[in-house]
Amino acid sequence: HARRSGRGSKHIMTSVLQLISSLSVGGSERLLTSFAASCAESPGLPQVFVVINDKVNADLAAALTASGHPVYFLKRPPGQRNPRVVLTLLNIMRKHDVRMIHAHDTGAKHFAMLSKFYRPMSVGYTIHNTGLITAWGRVKLRLHRRFVDWNIAISAAVARECEAVQLQR
């Protein structure tokens, strides 16, 4: 939905933040760039893409940027705990009126969960592999249930694992 932004007459559409830790060559990354290209041609809910870490494949970055969506590369060294990264992410979310985050990997999920403390929103997570959920243990599963509103299972086997622990899909 559109909302009026601050003082001016400019309208900002609520956006979906597509969040991923890195953009190296892999299944999640290719899925993300394919998604960006596919939704660029059809109008709908605006998408914003953020790559958190500095691990970026130049070809995938070029494909993501060429999609025409807003794309941000935060260039965080993996494992760095500088709070500026979170502040930058929150500023991007404010700028684009993000109300929904789709996290494409575990690192991105952690940033999305943290963002919920600062801004009410819906958080989703794509589960790309079997065995991830069963490795979480009780505490991680409880945190996931608390902060992740919806899950996307990439296969029937992953969907069965989600159902076995009653994860929302």
# chains A, B, ... in the order shown; residues from 1 in each chain; ligands from 1
call {"tool": "residues_around", "arguments": {"residues": "region 135-137 of chain A", "least_positions_apart": "6", "cutoff": "12 Å", "atoms": "only C-alpha atoms", "output": "number ranges by chain"}}
result
A: 106, 129, 143-145, 161, 165
call {"tool": "write_last_selection", "arguments": {"atoms": "N, CA, C and O atoms", "output": "PDB file, in the first residue's frame"}}
result
ATOM      1  N   THR A 106      20.800 -18.171   6.984  1.00  0.00           N
ATOM      2  CA  THR A 106      20.794 -18.057   8.441  1.00  0.00           C
ATOM      3  C   THR A 106      21.326 -16.709   8.927  1.00  0.00           C
ATOM      4  O   THR A 106      20.752 -16.101   9.827  1.00  0.00           O
ATOM      5  N   ASN A 129      17.844 -26.340   2.947  1.00  0.00           N
ATOM      6  CA  ASN A 129      18.421 -27.680   3.074  1.00  0.00           C
ATOM      7  C   ASN A 129      17.725 -28.488   4.158  1.00  0.00           C
ATOM      8  O   ASN A 129      17.263 -27.928   5.155  1.00  0.00           O
ATOM      9  N   LEU A 143      13.505 -19.459  19.498  1.00  0.00           N
ATOM     10  CA  LEU A 143      13.778 -18.110  18.982  1.00  0.00           C
ATOM     11  C   LEU A 143      13.249 -17.945  17.557  1.00  0.00           C
ATOM     12  O   LEU A 143      12.668 -16.918  17.213  1.00  0.00           O
ATOM     13  N   HIS A 144      13.442 -18.979  16.748  1.00  0.00           N
ATOM     14  CA  HIS A 144      12.938 -18.947  15.372  1.00  0.00           C
ATOM     15  C   HIS A 144      11.415 -18.781  15.369  1.00  0.00           C
ATOM     16  O   HIS A 144      10.877 -17.938  14.651  1.00  0.00           O
ATOM     17  N   ARG A 145      10.746 -19.593  16.172  1.00  0.00           N
ATOM     18  CA  ARG A 145       9.277 -19.500  16.238  1.00  0.00           C
ATOM     19  C   ARG A 145       8.823 -18.123  16.718  1.00  0.00           C
ATOM     20  O   ARG A 145       7.804 -17.616  16.291  1.00  0.00           O
ATOM     21  N   GLU A 161      10.147 -31.677   7.371  1.00  0.00           N
ATOM     22  CA  GLU A 161      10.881 -31.309   8.588  1.00  0.00           C
ATOM     23  C   GLU A 161      10.206 -30.129   9.289  1.00  0.00           C
ATOM     24  O   GLU A 161      10.135 -30.096  10.519  1.00  0.00           O
ATOM     25  N   VAL A 165       8.195 -30.151  13.296  1.00  0.00           N
ATOM     26  CA  VAL A 165       8.432 -29.286  14.463  1.00  0.00           C
ATOM     27  C   VAL A 165       7.437 -28.126  14.513  1.00  0.00           C
ATOM     28  O   VAL A 165       7.642 -27.153  15.229  1.00  0.00           O
TER      29      VAL A 165
END
call {"tool": "select_by_dssp", "arguments": {"residues": "region 10-145 of chain A", "states": "strand (DSSP E)", "output": "PyMOL selection string"}}
result
chain A and resi 11-13+15-20+47-53+71-76+98-103+122-127
call {"tool": "residues_around", "arguments": {"residues": "region 62-77 of chain A", "least_positions_apart": "4", "cutoff": "10 Å", "atoms": "only C-alpha atoms", "output": "ChimeraX atom specification"}}
result
/A:17-19,21-23,29-30,32-41,46-58,81-82,84-86,88-89,92,96
call {"tool": "write_last_selection", "arguments": {"atoms": "N, CA and C atoms", "output": "compact mmCIF listing (two decimals), in the first residue's frame"}}
result
# COMPACT_ATOMS: atom_id res chain seq x y z
N LEU A 17 11.94 -6.36 1.82
CA LEU A 17 13.39 -6.43 1.83
C LEU A 17 13.82 -7.86 1.60
N GLN A 18 14.56 -8.10 0.54
CA GLN A 18 15.14 -9.40 0.26
C GLN A 18 16.56 -9.35 0.80
N LEU A 19 16.82 -10.12 1.86
CA LEU A 19 18.06 -10.02 2.61
C LEU A 19 18.87 -11.31 2.49
N SER A 21 23.08 -12.94 3.17
CA SER A 21 24.38 -12.68 3.80
C SER A 21 25.45 -12.36 2.78
N SER A 22 25.55 -13.19 1.75
CA SER A 22 26.60 -12.98 0.75
C SER A 22 26.01 -13.22 -0.63
N LEU A 23 26.78 -12.90 -1.63
CA LEU A 23 26.33 -13.11 -3.01
C LEU A 23 27.42 -13.88 -3.76
N GLU A 29 21.87 -17.79 -3.76
CA GLU A 29 22.24 -16.58 -4.47
C GLU A 29 21.66 -16.56 -5.89
N ARG A 30 21.71 -17.69 -6.56
CA ARG A 30 21.13 -17.77 -7.91
C ARG A 30 19.60 -17.62 -7.87
N LEU A 32 17.96 -15.91 -5.68
CA LEU A 32 17.70 -14.49 -5.41
C LEU A 32 17.82 -13.65 -6.67
N THR A 33 18.88 -13.85 -7.45
CA THR A 33 19.04 -13.05 -8.66
C THR A 33 17.98 -13.39 -9.70
N SER A 34 17.59 -14.65 -9.78
CA SER A 34 16.50 -15.03 -10.70
C SER A 34 15.19 -14.39 -10.28
N PHE A 35 14.93 -14.38 -8.98
CA PHE A 35 13.72 -13.75 -8.46
C PHE A 35 13.71 -12.26 -8.80
N ALA A 36 14.84 -11.59 -8.59
CA ALA A 36 14.93 -10.15 -8.88
C ALA A 36 14.61 -9.87 -10.34
N ALA A 37 15.15 -10.68 -11.23
CA ALA A 37 14.90 -10.49 -12.66
C ALA A 37 13.43 -10.76 -12.99
N SER A 38 12.84 -11.78 -12.38
CA SER A 38 11.46 -12.14 -12.72
C SER A 38 10.46 -11.11 -12.23
N CYS A 39 10.69 -10.51 -11.08
CA CYS A 39 9.71 -9.55 -10.57
C CYS A 39 9.97 -8.13 -11.08
N ALA A 40 11.08 -7.93 -11.79
CA ALA A 40 11.36 -6.61 -12.36
C ALA A 40 10.39 -6.28 -13.48
N GLU A 41 9.89 -7.31 -14.15
CA GLU A 41 9.04 -7.09 -15.32
C GLU A 41 7.56 -6.95 -14.97
N PRO A 46 7.00 -3.35 -4.30
CA PRO A 46 8.41 -3.04 -4.56
C PRO A 46 9.34 -3.92 -3.73
N GLN A 47 10.44 -4.30 -4.35
CA GLN A 47 11.44 -5.14 -3.71
C GLN A 47 12.73 -4.34 -3.52
N VAL A 48 13.39 -4.54 -2.40
CA VAL A 48 14.68 -3.94 -2.10
C VAL A 48 15.62 -5.09 -1.75
N PHE A 49 16.82 -5.08 -2.31
CA PHE A 49 17.76 -6.17 -2.11
C PHE A 49 18.97 -5.67 -1.32
N VAL A 50 19.34 -6.41 -0.27
CA VAL A 50 20.49 -6.06 0.55
C VAL A 50 21.39 -7.30 0.69
N VAL A 51 22.67 -7.10 0.37
CA VAL A 51 23.69 -8.12 0.59
C VAL A 51 24.53 -7.63 1.76
N ILE A 52 24.56 -8.41 2.84
CA ILE A 52 25.20 -7.96 4.08
C ILE A 52 26.73 -8.00 4.01
N ASN A 53 27.29 -9.14 3.64
CA ASN A 53 28.74 -9.33 3.73
C ASN A 53 29.48 -8.88 2.47
N ASP A 54 30.80 -8.86 2.57
CA ASP A 54 31.62 -8.42 1.45
C ASP A 54 31.95 -9.55 0.48
N LYS A 55 31.41 -10.74 0.68
CA LYS A 55 31.62 -11.86 -0.26
C LYS A 55 30.61 -11.71 -1.39
N VAL A 56 31.06 -11.14 -2.52
CA VAL A 56 30.15 -10.84 -3.62
C VAL A 56 30.77 -11.27 -4.93
N ASN A 57 30.06 -12.11 -5.67
CA ASN A 57 30.45 -12.50 -7.01
C ASN A 57 30.06 -11.37 -7.97
N ALA A 58 31.00 -10.91 -8.76
CA ALA A 58 30.77 -9.75 -9.64
C ALA A 58 29.64 -9.99 -10.64
N ARG A 81 31.17 -7.45 14.14
CA ARG A 81 30.03 -7.10 14.99
C ARG A 81 29.84 -5.59 15.11
N ASN A 82 30.24 -4.85 14.12
CA ASN A 82 30.10 -3.40 14.14
C ASN A 82 28.63 -3.03 14.05
N ARG A 84 27.25 -0.42 13.14
CA ARG A 84 26.92 0.41 11.97
C ARG A 84 26.17 -0.37 10.89
N VAL A 85 26.48 -1.65 10.80
CA VAL A 85 25.79 -2.47 9.79
C VAL A 85 24.31 -2.51 10.09
N VAL A 86 23.94 -2.72 11.35
CA VAL A 86 22.53 -2.76 11.74
C VAL A 86 21.90 -1.39 11.52
N THR A 88 22.79 0.91 9.37
CA THR A 88 22.64 1.10 7.92
C THR A 88 21.43 0.33 7.41
N LEU A 89 21.28 -0.90 7.86
CA LEU A 89 20.14 -1.72 7.46
C LEU A 89 18.83 -1.06 7.89
N ILE A 92 18.02 1.86 5.62
CA ILE A 92 17.48 1.37 4.34
C ILE A 92 16.02 1.00 4.50
N HIS A 96 12.81 2.91 2.52
CA HIS A 96 11.92 2.19 1.60
C HIS A 96 10.64 1.70 2.27
call {"tool": "residues_around", "arguments": {"residues": "region 111-123 of chain A", "least_positions_apart": "3", "cutoff": "8 Å", "atoms": "only C-alpha atoms", "output": "PyMOL selection string"}}
result
chain A and resi 19+86+90+98-103+107-108+147-150
